[in-house]
Structures are given as C-alpha cells and as structure tokens.
Amino acid sequence: MIDFQNVEDAQTLAQAIVNTIPEPFIVLDDQFRVLAASRSFYETFKFDPDYTRGRLLYALGDGQWDIPALRVLLETIIPERASMEGFEVAHDFPDLGRRIMLLNARRVTYGDSRRSTILLAFTDVTDRRKIEWEKEELLKQTEQLLHQKEILLQEMQHRVANSLQIIASILLLKARAVTSEETRRDLRDAHQRVMSVAEVQRHLHVSGLDQIEVGSYLTKLCDSLASSMIGESQPVAINVIADEGRIGSDKAVGLGLIVTELVINAIKYAFPVVKADAVILVTYEIRGPDWKLIVSDSGIGKQADGAAEPSGGLGTAIVQALAKQLDARVDMVSNSTGTSVSVTRATLPQRHSTDGQS
C-alpha cells in the first residue's frame with residue numbers, strides 16, 4: 001500500500017480510481033448520502049457533482065431515485081449479506097427513460113468503527129435484455145410456425161394417403177373389369193406400385209422424423225411387403241442387414257421406393273416354381289457420405305425366356321430414375337444362383353449376397 005503523507009493525497013488517488021471505472025459508480029455513507037461518484041455516473045445520469053455530493057441518494061432527480069427495489073437492496077439485503085451482485089432494477093430514470101440496471105453493492109466497514117460506506121455500481125443491460133426478449137419472441141414465433149407446419153404436413157400426408165388408396169382401389173376395380181389378360185396384369189402392376197408408394201409414405205409418416213434409422217425403416221418396409229405379397233404356395237424369406245445410421249426423410253423416400261420395386265420384382269419373377277430356402281436379402285452399407293444398397297435373391301436368375309422382368313421394363317426404369325435422383329448408379333449381376341441388383345453412391349465393396357458371391 002502507498003504511504004500517503006496527507007489525507008488529500010489519498011482522496012485524490014481514491015477519486016482517480018473511481019473515475020477510471022467505466023460503469024456508473026457511487027460511494028454512499030451509512031445514511032445513504034453520496035460521498036463520491038465516478039465521472040461515468042455524472043455523465044450517464046446527467047447530474048452535477050456539486051449538486052450530488054452530500055445529497056441523499058433517494059432525493060436525486062427530485063425524488064426520482066426513490067426506487068422501491070433500490071431501497072430493498074440498500075436497507076434490507078446489504079445489512080444482512082454485506083454484498084450483492086446482479087440485483088436487477090427496472091426504472092424510468094430521469095433523462096434516460098426506461099432502463100434496466102444490474103446493481104452490484106458492497107458494504108465496507110472500518111475496524112472497530114461503527115461507520116460504514118456502501119459501494120454501488122450500475123451496469124446498463126437494457127439493450128441486452130431487449131435482444132434476449134426479441135430472441136425469445138422469435139423463438140416462440142418459430143415454434144408456432146413449426147407447429148403449424150407440422151399440422152399442415154400431417155394434413156397433407158393424410159390426404160396423400162387417402163388419394164393413394166382411392167387410386168389403388170380404382171385400379172383394382174378396373175383390373176377385375178377388363179377382359180384382356182395383358183391389360184389386367186398391367187393394371188395390377190400399377191395397383192401394386194401405388195400401394196408401394198402408399199406403404200413408403202405410411203412408414204415415413206409414422207416415424208415423424210427428419211432423420212430416420214435406416215435399419216428399422218427397411219425392416220418394417222420389407223415385413224409389410226412380405227405380409228402383403230408372399231403367398232403360402234411359395235414362401236420366401238425377406239431378410240434385412242443394414243449398418244447403423246440415419247438418413248434424411250427425402251433420401252428415405254427414394255431408397256424405400258427402390259427397395260419396394262426390387263423386392264416386388266424378385267417376388268414376382270425369381271421363384272416361378274417352388275424352391276426350398278427361397279430368400280431375398282436386402283443390405284445397406286454406409287461408408288461416410290457413401291452408401292450401397294443391394295437387393296439379391298436366390299432365385300432362377302435372369303432368363304432369356306422372360307422369367308425375370310426385362311431390362312427395359314417399367315420397374316427397371318423406375319429404379320434407374322430414383323437412383324439418378326440419389327446420385328447413384330445401378331448394377332445387376334444374374335446367373336443360375338440368383339440375381340443381385342446394387343444401387344451405389346461412390347464405390348463400396350459388396351459384403352453380403354444370398355449365395356456368398358461378391
């Protein structure tokens with residue numbers, strides 16, 4: 001500590017320290033009269049130093065500083081706690097208008113003396129609180145918009161599902177009414193594709209998430225296809241092997257439709273005669289941003305007599321179009337032990353197939 005020769009020098013240093021503080025700062029005696037104040041206090045609240053010093057704090061600004069919250073801080077909290085930080089006061093201050101201040105107060109006692117002083121610092125947080133309120137209001141509005149969006153999306157999904165069911169029913173009625181076997185087959189194929197789209201849409205609607213766990217999604221989709229398409233005359237097992245990971249709902253739509261198309265094609269064409277241990281395997285592999293979807297079967301393979309869907313068929317065209325949307329390529333391998341169709345984004349080694357071949 002500095003050894004001052006006289007009181008005036010100590011007071012000069014103390015006042016210089018107070019004036020250096022950037023926030024408004026005042027020193028009060030134990031009767032709440034102003035002993036000293038910082039330059040920023042006078043500049044912020046537009047007070048004259050000669051008018052302020054020695055005056056009761058509550059009397060400043062023609063009594064405008066007689067603030068109930070300030071009285072609670074100085075007369076109740078400080079005597080009990082000796083200090084208080086972050087005490088918030090909202091008030092219409094003279095020449096400033098409505099402001100929100102954080103007050104830090106500390107009572108200083110001197111040895112055995114009964115006298116004490118109170119140090120009081122002000123931090124204006126009006127603009128900060130305004131920003132916080134604006135953020136809260138914006139968050140509320142965003143939540144309301146998201147809620148409205150969710151309601152609209154559910155309504156849209158409900159209408160889409162109803163529309164698909166109506167279209168599927170019409171196609172099925174038409175298939176029963178026509179006499180041409182070729183036309184009946186085409187209408188039934190169209191009916192099945194509409195039902196496949198409806199099934200994909202239903203799974204996504206049930207999940208209700210932007211990110212969907214791919215293994216669970218493909219498993220439920222294949223279970224639904226198996227229950228609706230596989231008859232007792234030729235039981236076929238549909239197995240799913242998928243790496244852990246999530247995909248966006250937009251990508252899930254494309255993958256779901258591709259899997260549906262390839263699985264339906266395998267059910268329809270891979271097993272024209274009863275075969276023991278008939279199986280369709282769906283695998284999904286992930287390597288960072290790259291992925292590979294494989295649908296393989298243990299059927300008769302692609303035959304020249306048309307047992308499998310021709311390469312230029314509607315199903316192939318649908319798969320090619322969906323793969324293009326996903327920035328992926330389609331490859332097919334077929335022989336007497338079965339057919340494997342892979343949809344790949346980038347290059348990944350095939351790890352699974354029904355016959356153990358890569």
# chains A, B, ... in the order shown; residues from 1 in each chain; ligands from 1
$ residues_around --residues "Leu187 in chain A" --least-positions-apart "5" --cutoff "8 Å" --atoms "only C-alpha atoms" --output "ChimeraX atom specification"
/A:171-172,174-175
$ residues_around --residues "Val253 in chain A" --least-positions-apart "6" --cutoff "12 Å" --atoms "only C-alpha atoms" --output "short mmCIF file (atom, residue, chain, number, x, y, z; two decimals) with C-alpha atoms, in the first residue's frame"
data_model
loop_
_atom_site.label_atom_id
_atom_site.label_comp_id
_atom_site.auth_asym_id
_atom_site.auth_seq_id
_atom_site.Cartn_x
_atom_site.Cartn_y
_atom_site.Cartn_z
CA SER A 196 -45.89 -49.47 -52.54
CA VAL A 197 -45.76 -45.68 -52.64
CA ALA A 198 -48.51 -45.61 -50.02
CA GLU A 199 -46.54 -48.01 -47.82
CA VAL A 200 -43.39 -45.88 -48.01
CA GLN A 201 -45.41 -42.80 -47.21
CA ARG A 202 -47.03 -44.56 -44.24
CA HIS A 203 -43.68 -45.59 -42.76
CA LEU A 204 -42.32 -42.06 -43.04
CA HIS A 205 -45.49 -40.62 -41.53
CA ASP A 210 -36.37 -35.67 -40.39
CA GLN A 211 -33.70 -38.32 -39.72
CA ILE A 212 -34.76 -41.97 -39.92
CA VAL A 214 -32.31 -46.92 -41.84
CA TYR A 217 -37.12 -48.45 -41.66
CA LEU A 218 -36.07 -51.07 -44.25
CA LEU A 221 -40.93 -51.93 -45.09
CA ILE A 247 -30.77 -40.96 -43.34
CA VAL A 259 -36.32 -51.46 -52.31
CA THR A 260 -40.04 -51.88 -52.86
CA LEU A 322 -34.84 -43.00 -58.49
CA ALA A 323 -31.14 -43.88 -58.40
CA GLN A 325 -32.15 -38.63 -58.11
CA LEU A 326 -29.93 -40.05 -55.36
#
$ residues_around --residues "range 230-243 of chain A" --least-positions-apart "2" --cutoff "8 Å" --atoms "only C-alpha atoms" --output "list in words"
Val214, Gly215, Leu218, Thr219, Cys222, Asp223, Leu225, Ala226, Ser227, Ser228, Gly245, Ile267, Phe271, Val273, Val274, Lys275, Asp277, Ala278, Val279, Ile280, Leu281, Val282, Thr283, Tyr284, Glu285 and Ile286 of chain A
$ closest_residue --among "A:Arg39, A:Arg185, A:Arg345, A:Arg115" --to "Lys268 in chain A" --atoms "only C-alpha atoms"
A:Arg185
